[in-house]
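Coordinates as given in data-v1.txt (compact mmCIF, N, CA and C atoms):
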```
# COMPACT_ATOMS: atom_id res chain seq x y z
N MET A 1 259.78 127.02 179.72
CA MET A 1 258.41 126.53 179.67
C MET A 1 257.91 126.62 178.23
N SER A 2 257.39 125.50 177.71
CA SER A 2 256.88 125.52 176.35
C SER A 2 255.36 125.67 176.38
N LEU A 3 254.87 126.44 175.46
CA LEU A 3 253.43 126.63 175.35
C LEU A 3 252.89 125.65 174.33
N ASN A 4 251.72 125.12 174.59
CA ASN A 4 251.04 124.24 173.65
C ASN A 4 250.05 125.09 172.87
N LEU A 5 250.38 125.32 171.60
CA LEU A 5 249.57 126.19 170.78
C LEU A 5 248.96 125.42 169.63
N SER A 6 247.79 125.88 169.20
CA SER A 6 247.14 125.29 168.02
C SER A 6 247.86 125.80 166.79
N SER A 7 247.47 125.31 165.61
CA SER A 7 248.08 125.76 164.37
C SER A 7 247.77 127.23 164.09
N HIS A 8 246.81 127.80 164.81
CA HIS A 8 246.46 129.22 164.67
C HIS A 8 247.13 130.09 165.74
N GLY A 9 247.98 129.50 166.58
CA GLY A 9 248.69 130.25 167.60
C GLY A 9 247.91 130.44 168.89
N GLU A 10 246.75 129.78 169.03
CA GLU A 10 245.94 129.91 170.24
C GLU A 10 246.35 128.85 171.25
N ALA A 11 246.25 129.17 172.54
CA ALA A 11 246.57 128.20 173.59
C ALA A 11 245.55 127.07 173.57
N LEU A 12 246.05 125.84 173.72
CA LEU A 12 245.17 124.67 173.74
C LEU A 12 244.69 124.38 175.15
N PRO A 13 243.44 123.92 175.29
CA PRO A 13 242.94 123.52 176.61
C PRO A 13 243.76 122.33 177.13
N PRO A 14 243.90 122.18 178.45
CA PRO A 14 244.70 121.09 179.03
C PRO A 14 244.30 119.71 178.54
N ARG A 15 243.02 119.47 178.31
CA ARG A 15 242.56 118.15 177.85
C ARG A 15 243.14 117.82 176.48
N ILE A 16 243.17 118.80 175.58
CA ILE A 16 243.73 118.59 174.24
C ILE A 16 245.23 118.35 174.33
N VAL A 17 245.90 119.08 175.20
CA VAL A 17 247.35 118.89 175.38
C VAL A 17 247.62 117.46 175.83
N LEU A 18 246.83 116.95 176.79
CA LEU A 18 247.00 115.59 177.27
C LEU A 18 246.77 114.58 176.15
N LEU A 19 245.72 114.79 175.36
CA LEU A 19 245.45 113.89 174.24
C LEU A 19 246.58 113.91 173.23
N ARG A 20 247.14 115.06 172.97
CA ARG A 20 248.27 115.15 172.03
C ARG A 20 249.45 114.33 172.52
N ARG A 21 249.67 114.30 173.82
CA ARG A 21 250.79 113.55 174.38
C ARG A 21 250.55 112.05 174.32
N ARG A 22 249.29 111.61 174.46
CA ARG A 22 248.97 110.19 174.48
C ARG A 22 248.86 109.57 173.09
N VAL A 23 248.44 110.34 172.11
CA VAL A 23 248.17 109.80 170.79
C VAL A 23 249.27 110.20 169.83
N SER A 24 249.86 109.20 169.20
CA SER A 24 250.85 109.46 168.17
C SER A 24 250.37 108.77 166.90
N LEU A 25 250.02 109.55 165.90
CA LEU A 25 249.52 108.97 164.66
C LEU A 25 250.65 108.52 163.75
N SER A 26 251.88 108.83 164.09
CA SER A 26 252.99 108.46 163.22
C SER A 26 253.54 107.08 163.52
N GLU A 27 253.18 106.47 164.66
CA GLU A 27 253.69 105.15 164.99
C GLU A 27 252.93 104.09 164.23
N PRO A 28 253.65 103.10 163.63
CA PRO A 28 252.96 102.04 162.89
C PRO A 28 252.19 101.12 163.83
N MET A 29 251.15 100.52 163.31
CA MET A 29 250.38 99.55 164.08
C MET A 29 251.20 98.27 164.21
N ALA A 30 251.13 97.63 165.35
CA ALA A 30 251.87 96.39 165.57
C ALA A 30 251.28 95.24 164.79
N SER A 31 249.97 95.23 164.58
CA SER A 31 249.31 94.17 163.85
C SER A 31 248.04 94.72 163.23
N PRO A 32 247.43 93.97 162.29
CA PRO A 32 246.18 94.45 161.71
C PRO A 32 245.11 94.62 162.78
N ALA A 33 244.14 95.48 162.48
CA ALA A 33 243.02 95.69 163.41
C ALA A 33 242.32 94.37 163.65
N PRO A 34 241.84 94.14 164.87
CA PRO A 34 241.18 92.87 165.16
C PRO A 34 239.89 92.73 164.36
N GLU A 35 239.60 91.52 163.95
CA GLU A 35 238.35 91.26 163.26
C GLU A 35 237.24 91.19 164.30
N ILE A 36 236.05 91.52 163.88
CA ILE A 36 234.92 91.44 164.79
C ILE A 36 234.61 89.99 165.09
N SER A 37 234.69 89.12 164.08
CA SER A 37 234.50 87.68 164.27
C SER A 37 235.30 86.95 163.20
N PRO A 38 235.69 85.71 163.46
CA PRO A 38 236.55 84.97 162.52
C PRO A 38 235.89 84.77 161.15
N ARG A 39 236.73 84.83 160.12
CA ARG A 39 236.25 84.63 158.75
C ARG A 39 236.37 83.15 158.36
N HIS A 40 235.44 82.73 157.49
CA HIS A 40 235.44 81.37 156.97
C HIS A 40 235.29 81.42 155.46
N ARG A 41 235.94 80.49 154.78
CA ARG A 41 235.80 80.40 153.33
C ARG A 41 234.34 80.09 153.01
N PHE A 42 233.74 80.91 152.15
CA PHE A 42 232.35 80.74 151.75
C PHE A 42 232.20 81.36 150.38
N GLU A 43 231.87 80.56 149.39
CA GLU A 43 231.72 81.07 148.04
C GLU A 43 230.31 80.83 147.54
N ALA A 44 229.66 81.90 147.12
CA ALA A 44 228.30 81.80 146.61
C ALA A 44 227.97 83.09 145.85
N ARG A 45 227.08 82.97 144.89
CA ARG A 45 226.58 84.14 144.17
C ARG A 45 225.57 84.85 145.07
N ILE A 46 225.68 86.18 145.13
CA ILE A 46 224.75 86.97 145.95
C ILE A 46 224.11 88.07 145.11
N ASP A 47 222.92 88.44 145.50
CA ASP A 47 222.23 89.58 144.90
C ASP A 47 222.43 90.76 145.84
N ILE A 48 222.67 91.94 145.26
CA ILE A 48 222.93 93.15 146.04
C ILE A 48 221.99 94.25 145.54
N ARG A 49 221.26 94.86 146.47
CA ARG A 49 220.40 96.00 146.13
C ARG A 49 220.89 97.23 146.87
N LEU A 50 220.82 98.37 146.21
CA LEU A 50 221.15 99.63 146.87
C LEU A 50 220.44 100.77 146.18
N ARG A 51 220.35 101.88 146.87
CA ARG A 51 219.72 103.08 146.33
C ARG A 51 220.77 104.19 146.26
N ARG A 52 220.85 104.83 145.09
CA ARG A 52 221.69 106.01 144.90
C ARG A 52 220.78 107.12 144.42
N GLY A 53 220.47 108.04 145.33
CA GLY A 53 219.52 109.09 144.98
C GLY A 53 218.19 108.46 144.62
N PRO A 54 217.61 108.85 143.47
CA PRO A 54 216.32 108.28 143.07
C PRO A 54 216.46 106.90 142.42
N GLN A 55 217.67 106.49 142.13
CA GLN A 55 217.90 105.24 141.39
C GLN A 55 218.10 104.05 142.32
N GLU A 56 217.37 102.96 142.06
CA GLU A 56 217.54 101.70 142.79
C GLU A 56 218.32 100.76 141.88
N LEU A 57 219.44 100.24 142.39
CA LEU A 57 220.31 99.36 141.61
C LEU A 57 220.21 97.93 142.11
N SER A 58 220.28 96.99 141.18
CA SER A 58 220.35 95.56 141.50
C SER A 58 221.63 95.04 140.88
N LEU A 59 222.54 94.57 141.74
CA LEU A 59 223.84 94.09 141.29
C LEU A 59 224.01 92.64 141.71
N GLN A 60 225.06 92.02 141.19
CA GLN A 60 225.41 90.68 141.62
C GLN A 60 226.86 90.67 142.06
N GLY A 61 227.16 89.74 142.95
CA GLY A 61 228.53 89.59 143.43
C GLY A 61 228.81 88.13 143.72
N TRP A 62 230.04 87.88 144.14
CA TRP A 62 230.47 86.52 144.48
C TRP A 62 231.19 86.59 145.81
N THR A 63 230.65 85.94 146.83
CA THR A 63 231.28 85.98 148.15
C THR A 63 232.55 85.14 148.15
N ARG A 64 233.52 85.59 148.91
CA ARG A 64 234.79 84.88 149.09
C ARG A 64 234.90 84.33 150.50
N ASP A 65 234.41 85.10 151.47
CA ASP A 65 234.39 84.61 152.84
C ASP A 65 233.25 85.25 153.61
N LEU A 66 232.94 84.64 154.75
CA LEU A 66 231.79 85.03 155.55
C LEU A 66 232.14 84.93 157.02
N SER A 67 231.59 85.82 157.82
CA SER A 67 231.71 85.75 159.27
C SER A 67 230.36 86.15 159.85
N GLU A 68 230.24 86.10 161.17
CA GLU A 68 228.99 86.53 161.80
C GLU A 68 228.80 88.04 161.71
N SER A 69 229.86 88.76 161.39
CA SER A 69 229.75 90.22 161.34
C SER A 69 229.72 90.80 159.93
N GLY A 70 230.01 89.97 158.91
CA GLY A 70 230.00 90.50 157.56
C GLY A 70 230.53 89.51 156.54
N LEU A 71 230.85 90.02 155.35
CA LEU A 71 231.37 89.17 154.30
C LEU A 71 232.30 89.96 153.39
N ARG A 72 233.03 89.21 152.59
CA ARG A 72 233.89 89.78 151.56
C ARG A 72 233.40 89.26 150.23
N ALA A 73 233.30 90.14 149.23
CA ALA A 73 232.78 89.73 147.93
C ALA A 73 233.43 90.50 146.80
N PHE A 74 233.46 89.85 145.64
CA PHE A 74 233.84 90.52 144.40
C PHE A 74 232.57 91.07 143.78
N VAL A 75 232.60 92.34 143.42
CA VAL A 75 231.46 93.00 142.77
C VAL A 75 232.01 93.79 141.60
N ALA A 76 231.54 93.51 140.38
CA ALA A 76 232.07 94.18 139.18
C ALA A 76 231.73 95.67 139.16
N ASP A 77 230.58 96.03 139.70
CA ASP A 77 230.15 97.44 139.68
C ASP A 77 230.78 98.20 140.84
N PRO A 78 231.12 99.48 140.64
CA PRO A 78 231.76 100.24 141.72
C PRO A 78 230.80 100.55 142.86
N LEU A 79 231.32 100.42 144.09
CA LEU A 79 230.58 100.76 145.30
C LEU A 79 231.40 101.77 146.09
N GLU A 80 230.73 102.58 146.88
CA GLU A 80 231.39 103.59 147.70
C GLU A 80 231.53 103.10 149.13
N LYS A 81 232.67 103.36 149.74
CA LYS A 81 232.86 103.04 151.15
C LYS A 81 231.81 103.81 151.95
N GLY A 82 231.13 103.12 152.87
CA GLY A 82 230.07 103.73 153.67
C GLY A 82 228.69 103.55 153.08
N GLU A 83 228.60 103.10 151.84
CA GLU A 83 227.32 102.92 151.16
C GLU A 83 226.54 101.76 151.79
N SER A 84 225.23 101.94 151.92
CA SER A 84 224.35 100.89 152.47
C SER A 84 223.83 100.02 151.35
N VAL A 85 223.83 98.71 151.60
CA VAL A 85 223.34 97.73 150.62
C VAL A 85 222.45 96.72 151.34
N VAL A 86 221.73 95.93 150.55
CA VAL A 86 220.95 94.81 151.08
C VAL A 86 221.32 93.59 150.26
N PHE A 87 221.73 92.52 150.96
CA PHE A 87 222.11 91.27 150.30
C PHE A 87 220.97 90.28 150.30
N ALA A 88 220.94 89.43 149.30
CA ALA A 88 220.16 88.20 149.31
C ALA A 88 221.21 87.11 149.20
N ILE A 89 221.42 86.39 150.33
CA ILE A 89 222.51 85.42 150.45
C ILE A 89 221.93 84.02 150.64
N PRO A 90 222.40 83.04 149.84
CA PRO A 90 221.93 81.66 150.02
C PRO A 90 222.60 81.01 151.23
N LEU A 91 221.92 81.05 152.38
CA LEU A 91 222.50 80.51 153.61
C LEU A 91 221.89 79.19 154.05
N SER A 92 220.73 78.85 153.52
CA SER A 92 220.06 77.65 154.02
C SER A 92 219.21 77.03 152.93
N ASP A 93 218.65 75.88 153.25
CA ASP A 93 217.78 75.17 152.32
C ASP A 93 216.46 75.90 152.10
N ILE A 94 216.12 76.82 152.98
CA ILE A 94 214.83 77.51 152.86
C ILE A 94 214.90 78.71 151.92
N GLY A 95 216.05 78.95 151.33
CA GLY A 95 216.18 80.05 150.38
C GLY A 95 217.19 81.09 150.84
N LYS A 96 217.15 82.23 150.18
CA LYS A 96 218.12 83.29 150.47
C LYS A 96 217.67 84.11 151.67
N GLN A 97 218.66 84.54 152.44
CA GLN A 97 218.42 85.43 153.58
C GLN A 97 218.68 86.87 153.12
N VAL A 98 217.79 87.79 153.47
CA VAL A 98 217.95 89.21 153.13
C VAL A 98 218.57 89.91 154.33
N ILE A 99 219.78 90.46 154.12
CA ILE A 99 220.55 91.04 155.22
C ILE A 99 221.11 92.40 154.81
N PRO A 100 220.81 93.46 155.56
CA PRO A 100 221.38 94.78 155.27
C PRO A 100 222.84 94.87 155.74
N ALA A 101 223.64 95.67 155.00
CA ALA A 101 225.05 95.81 155.33
C ALA A 101 225.55 97.16 154.82
N LYS A 102 226.80 97.46 155.15
CA LYS A 102 227.43 98.67 154.59
C LYS A 102 228.82 98.30 154.10
N VAL A 103 229.29 99.04 153.10
CA VAL A 103 230.61 98.83 152.54
C VAL A 103 231.63 99.40 153.51
N VAL A 104 232.57 98.56 153.97
CA VAL A 104 233.59 99.04 154.92
C VAL A 104 235.00 98.99 154.33
N ARG A 105 235.20 98.24 153.25
CA ARG A 105 236.50 98.19 152.58
C ARG A 105 236.29 98.08 151.08
N ALA A 106 237.18 98.69 150.33
CA ALA A 106 237.13 98.59 148.87
C ALA A 106 238.55 98.55 148.33
N LEU A 107 238.81 97.54 147.50
CA LEU A 107 240.10 97.40 146.84
C LEU A 107 239.81 96.88 145.44
N GLY A 108 239.67 97.80 144.48
CA GLY A 108 239.27 97.41 143.13
C GLY A 108 237.85 96.87 143.16
N THR A 109 237.71 95.61 142.73
CA THR A 109 236.38 94.96 142.74
C THR A 109 236.19 94.07 143.96
N ASP A 110 237.12 94.14 144.90
CA ASP A 110 237.09 93.33 146.13
C ASP A 110 236.57 94.21 147.26
N TYR A 111 235.42 93.85 147.84
CA TYR A 111 234.77 94.68 148.84
C TYR A 111 234.57 93.93 150.15
N GLY A 112 234.67 94.65 151.26
CA GLY A 112 234.34 94.13 152.57
C GLY A 112 233.05 94.79 153.03
N PHE A 113 232.15 94.00 153.58
CA PHE A 113 230.85 94.48 154.03
C PHE A 113 230.64 94.09 155.48
N GLU A 114 230.04 94.99 156.25
CA GLU A 114 229.68 94.72 157.63
C GLU A 114 228.16 94.68 157.73
N PHE A 115 227.63 93.59 158.32
CA PHE A 115 226.19 93.51 158.49
C PHE A 115 225.74 94.59 159.46
N THR A 116 224.61 95.23 159.15
CA THR A 116 224.12 96.31 160.01
C THR A 116 222.90 95.89 160.83
N ALA A 117 222.24 94.81 160.44
CA ALA A 117 221.10 94.28 161.20
C ALA A 117 221.01 92.80 160.90
N LEU A 118 221.05 92.01 161.96
CA LEU A 118 221.04 90.56 161.80
C LEU A 118 220.10 89.99 162.84
N SER A 119 219.09 89.27 162.39
CA SER A 119 218.15 88.66 163.35
C SER A 119 218.81 87.46 164.00
N ALA A 120 218.24 87.00 165.10
CA ALA A 120 218.74 85.80 165.79
C ALA A 120 218.67 84.60 164.85
N GLU A 121 217.61 84.52 164.05
CA GLU A 121 217.46 83.41 163.10
C GLU A 121 218.55 83.46 162.02
N GLN A 122 218.82 84.66 161.49
CA GLN A 122 219.87 84.80 160.47
C GLN A 122 221.24 84.45 161.06
N ARG A 123 221.50 84.91 162.28
CA ARG A 123 222.78 84.59 162.93
C ARG A 123 222.92 83.07 163.09
N SER A 124 221.82 82.42 163.44
CA SER A 124 221.82 80.97 163.59
C SER A 124 222.13 80.28 162.25
N HIS A 125 221.52 80.77 161.16
CA HIS A 125 221.80 80.22 159.83
C HIS A 125 223.27 80.42 159.46
N ILE A 126 223.81 81.59 159.75
CA ILE A 126 225.22 81.87 159.45
C ILE A 126 226.12 80.93 160.26
N GLN A 127 225.83 80.77 161.54
CA GLN A 127 226.63 79.88 162.39
C GLN A 127 226.60 78.44 161.86
N ALA A 128 225.45 78.00 161.39
CA ALA A 128 225.34 76.65 160.84
C ALA A 128 226.18 76.50 159.58
N VAL A 129 226.15 77.51 158.71
CA VAL A 129 226.97 77.48 157.49
C VAL A 129 228.45 77.50 157.85
N LEU A 130 228.84 78.38 158.79
CA LEU A 130 230.25 78.51 159.16
C LEU A 130 230.81 77.24 159.77
N SER A 131 229.96 76.48 160.45
CA SER A 131 230.43 75.24 161.08
C SER A 131 230.89 74.22 160.03
N LYS A 132 230.45 74.40 158.79
CA LYS A 132 230.81 73.48 157.70
C LYS A 132 231.90 74.06 156.78
N CYS A 133 232.33 75.30 157.04
CA CYS A 133 233.31 75.97 156.17
C CYS A 133 234.65 76.10 156.89
N PRO A 134 235.76 75.95 156.16
CA PRO A 134 237.07 76.09 156.80
C PRO A 134 237.34 77.52 157.25
N ALA A 135 237.90 77.65 158.43
CA ALA A 135 238.27 78.97 158.96
C ALA A 135 239.48 79.49 158.19
N LEU A 136 239.55 80.80 158.00
CA LEU A 136 240.69 81.42 157.34
C LEU A 136 241.65 81.92 158.40
N SER A 137 242.94 81.80 158.11
CA SER A 137 243.94 82.26 159.08
C SER A 137 243.98 83.78 159.11
N ARG A 138 244.39 84.29 160.22
CA ARG A 138 244.52 85.73 160.45
C ARG A 138 245.74 86.25 159.70
N PRO A 139 245.63 87.36 158.94
CA PRO A 139 246.81 87.89 158.24
C PRO A 139 247.86 88.40 159.23
N GLN A 140 249.11 88.30 158.86
CA GLN A 140 250.21 88.80 159.68
C GLN A 140 250.38 90.29 159.46
N ALA A 141 251.04 90.97 160.39
CA ALA A 141 251.30 92.41 160.27
C ALA A 141 252.05 92.68 158.99
N GLY A 142 251.62 93.70 158.26
CA GLY A 142 252.29 94.09 157.04
C GLY A 142 251.84 93.33 155.81
N SER A 143 250.99 92.31 155.97
CA SER A 143 250.53 91.55 154.81
C SER A 143 249.21 92.10 154.31
N THR A 144 248.81 91.68 153.13
CA THR A 144 247.54 92.09 152.56
C THR A 144 246.42 91.53 153.42
N ILE A 145 245.40 92.34 153.70
CA ILE A 145 244.32 91.93 154.58
C ILE A 145 243.52 90.80 153.93
N TRP A 146 243.28 90.88 152.63
CA TRP A 146 242.45 89.88 151.97
C TRP A 146 243.29 88.91 151.20
N SER A 147 242.89 87.63 151.24
CA SER A 147 243.58 86.60 150.48
C SER A 147 243.02 86.51 149.08
```

Take the structure in this file and express it as structure tokens.
Amino acid sequence: MSLNLSSHGEALPPRIVLLRRRVSLSEPMASPAPEISPRHRFEARIDIRLRRGPQELSLQGWTRDLSESGLRAFVADPLEKGESVVFAIPLSDIGKQVIPAKVVRALGTDYGFEFTALSAEQRSHIQAVLSKCPALSRPQAGSTIWS
């Protein structure tokens, strides 16, 4: 009979033992994590605002693609994963839409952002823009996530 012990030599509760048997962190993923919504090619200059402590920063970026759940952009200034930002994005003829988001991916100056609050009107504007933009293909397993 084998005992299931923690790294400190203490017996593990049955629930933890069961979880250990079900979850293997060493197995590779079969494919990239699913996207929340399909990405579309969308290029535009965006304004980015964020607060770091007492300092309010105004940055600029260039979007590469857009979806209903977020966008990908090049930003010359460094951003932290998890950092909250506010975009001013040119989505319609009525001007820029102000949309809050958070940094979810960072690779050099290439960042992925997830929208954190989107009104029904903003979603409608995004859907209208996406209907005119080519969809991007899904990356294959083992390939770079961003094109």

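Proximity of A:Ala76, A:Leu118, A:Arg123, A:Glu83 to Val104 of chain A, computed with all atoms listed in the file, is greatest for A:Glu83.
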
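When only N, CA and C atoms are used to compute distances to Phe113 of chain A, the closest of the residues A:Ser92, A:Gln60, A:Ser69, A:Gln127 turns out to be A:Ser69.
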
Once you add 8 Å to each side, what are the centre and edge lengths of the axis-aligned box holding all listed atoms of segment 90-102 of chain A? One decimal in Å, as AutoDock Vina command-line options, if you can.
```
--center_x 221.8 --center_y 86.9 --center_z 152.8 --size_x 30.0 --size_y 39.5 --size_z 21.9
```

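Proximity ranking of A:Gly108, A:Ile94, A:Trp62, A:Gln122 relative to Leu79 of chain A places A:Gly108 first, based on all atoms listed in the file.
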
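Going from atom C of Gln55 of chain A to atom CA of Gly112 of chain A covers 21.6 Å.
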
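Minimum atom-to-atom distance to Arg41 of chain A, evaluated using only C-alpha atoms, belongs to A:Leu130 out of A:Lys96, A:Arg138, A:Val86, A:Leu130.
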
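Note that atom CA of Ala120 of chain A and atom CA of Val75 of chain A are 27.3 Å apart.
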
Extract, using all atoms listed in the file, all DNA, RNA and protein residues at most 6.5 Å from Leu91 of chain A, discarding same-chain residues fewer than 2 positions from it, and format them as a PDB file with N, CA and C atoms, in the coordinates of the input.
```pdb
ATOM      1  N   ILE A  89     221.420  86.390 150.330  1.00  0.00           N
ATOM      2  CA  ILE A  89     222.510  85.420 150.450  1.00  0.00           C
ATOM      3  C   ILE A  89     221.930  84.020 150.640  1.00  0.00           C
ATOM      4  N   ASP A  93     218.650  75.880 153.250  1.00  0.00           N
ATOM      5  CA  ASP A  93     217.780  75.170 152.320  1.00  0.00           C
ATOM      6  C   ASP A  93     216.460  75.900 152.100  1.00  0.00           C
ATOM      7  N   ILE A  94     216.120  76.820 152.980  1.00  0.00           N
ATOM      8  CA  ILE A  94     214.830  77.510 152.860  1.00  0.00           C
ATOM      9  C   ILE A  94     214.900  78.710 151.920  1.00  0.00           C
ATOM     10  N   GLY A  95     216.050  78.950 151.330  1.00  0.00           N
ATOM     11  CA  GLY A  95     216.180  80.050 150.380  1.00  0.00           C
ATOM     12  C   GLY A  95     217.190  81.090 150.840  1.00  0.00           C
ATOM     13  N   LYS A  96     217.150  82.230 150.180  1.00  0.00           N
ATOM     14  CA  LYS A  96     218.120  83.290 150.470  1.00  0.00           C
ATOM     15  C   LYS A  96     217.670  84.110 151.670  1.00  0.00           C
ATOM     16  N   GLN A  97     218.660  84.540 152.440  1.00  0.00           N
ATOM     17  CA  GLN A  97     218.420  85.430 153.580  1.00  0.00           C
ATOM     18  C   GLN A  97     218.680  86.870 153.120  1.00  0.00           C
ATOM     19  N   HIS A 125     221.520  80.770 161.160  1.00  0.00           N
ATOM     20  CA  HIS A 125     221.800  80.220 159.830  1.00  0.00           C
ATOM     21  C   HIS A 125     223.270  80.420 159.460  1.00  0.00           C
ATOM     22  N   ILE A 126     223.810  81.590 159.750  1.00  0.00           N
ATOM     23  CA  ILE A 126     225.220  81.870 159.450  1.00  0.00           C
ATOM     24  C   ILE A 126     226.120  80.930 160.260  1.00  0.00           C
ATOM     25  N   VAL A 129     226.150  77.510 158.710  1.00  0.00           N
ATOM     26  CA  VAL A 129     226.970  77.480 157.490  1.00  0.00           C
ATOM     27  C   VAL A 129     228.450  77.500 157.850  1.00  0.00           C
TER      28      VAL A 129
END
```

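Around Pro90 of chain A, within 8 Å and counting all atoms listed in the file, the residues found are Ala44, Arg45, Ile46, Asp47, Lys96, Gln97 and Val98 of chain A, once anything fewer than 6 positions away on its own chain is removed.
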
**Ref. answer, residues at most 8 Å from (223.9, 96.8, 162.2) with all atoms listed in the file, as a ChimeraX atom specification** = /A:100-102,114-118

File for segment 122-142 of chain A (N, CA and C atoms), as a short mmCIF file (atom, residue, chain, number, x, y, z; two decimals), in the first residue's frame:
```
data_model
loop_
_atom_site.label_atom_id
_atom_site.label_comp_id
_atom_site.auth_asym_id
_atom_site.auth_seq_id
_atom_site.Cartn_x
_atom_site.Cartn_y
_atom_site.Cartn_z
N GLN A 122 -21.06 49.03 -28.35
CA GLN A 122 -19.67 48.79 -28.77
C GLN A 122 -19.53 47.43 -29.45
N ARG A 123 -20.18 46.41 -28.89
CA ARG A 123 -20.14 45.08 -29.51
C ARG A 123 -20.72 45.14 -30.93
N SER A 124 -21.79 45.90 -31.09
CA SER A 124 -22.41 46.05 -32.40
C SER A 124 -21.45 46.73 -33.38
N HIS A 125 -20.74 47.78 -32.92
CA HIS A 125 -19.75 48.45 -33.77
C HIS A 125 -18.63 47.49 -34.16
N ILE A 126 -18.16 46.70 -33.21
CA ILE A 126 -17.10 45.72 -33.49
C ILE A 126 -17.59 44.70 -34.51
N GLN A 127 -18.80 44.18 -34.33
CA GLN A 127 -19.35 43.20 -35.27
C GLN A 127 -19.45 43.79 -36.68
N ALA A 128 -19.84 45.04 -36.78
CA ALA A 128 -19.94 45.70 -38.09
C ALA A 128 -18.57 45.82 -38.74
N VAL A 129 -17.56 46.19 -37.96
CA VAL A 129 -16.19 46.28 -38.49
C VAL A 129 -15.69 44.91 -38.91
N LEU A 130 -15.91 43.89 -38.07
CA LEU A 130 -15.42 42.55 -38.36
C LEU A 130 -16.05 41.96 -39.61
N SER A 131 -17.29 42.34 -39.90
CA SER A 131 -17.96 41.81 -41.09
C SER A 131 -17.26 42.26 -42.37
N LYS A 132 -16.46 43.32 -42.29
CA LYS A 132 -15.74 43.84 -43.45
C LYS A 132 -14.26 43.45 -43.46
N CYS A 133 -13.80 42.74 -42.42
CA CYS A 133 -12.38 42.38 -42.30
C CYS A 133 -12.19 40.88 -42.50
N PRO A 134 -11.10 40.48 -43.16
CA PRO A 134 -10.87 39.04 -43.36
C PRO A 134 -10.58 38.32 -42.04
N ALA A 135 -11.17 37.15 -41.90
CA ALA A 135 -10.93 36.32 -40.72
C ALA A 135 -9.51 35.74 -40.80
N LEU A 136 -8.88 35.58 -39.65
CA LEU A 136 -7.55 34.98 -39.58
C LEU A 136 -7.70 33.50 -39.26
N SER A 137 -6.85 32.69 -39.86
CA SER A 137 -6.91 31.25 -39.60
C SER A 137 -6.39 30.94 -38.21
N ARG A 138 -6.86 29.87 -37.68
CA ARG A 138 -6.48 29.38 -36.35
C ARG A 138 -5.07 28.78 -36.43
N PRO A 139 -4.15 29.13 -35.51
CA PRO A 139 -2.81 28.54 -35.55
C PRO A 139 -2.85 27.05 -35.26
N GLN A 140 -1.94 26.30 -35.84
CA GLN A 140 -1.84 24.86 -35.62
C GLN A 140 -1.06 24.61 -34.34
N ALA A 141 -1.20 23.41 -33.77
CA ALA A 141 -0.48 23.04 -32.55
C ALA A 141 1.01 23.18 -32.79
N GLY A 142 1.71 23.78 -31.84
CA GLY A 142 3.15 23.92 -31.93
C GLY A 142 3.60 25.14 -32.70
#
```
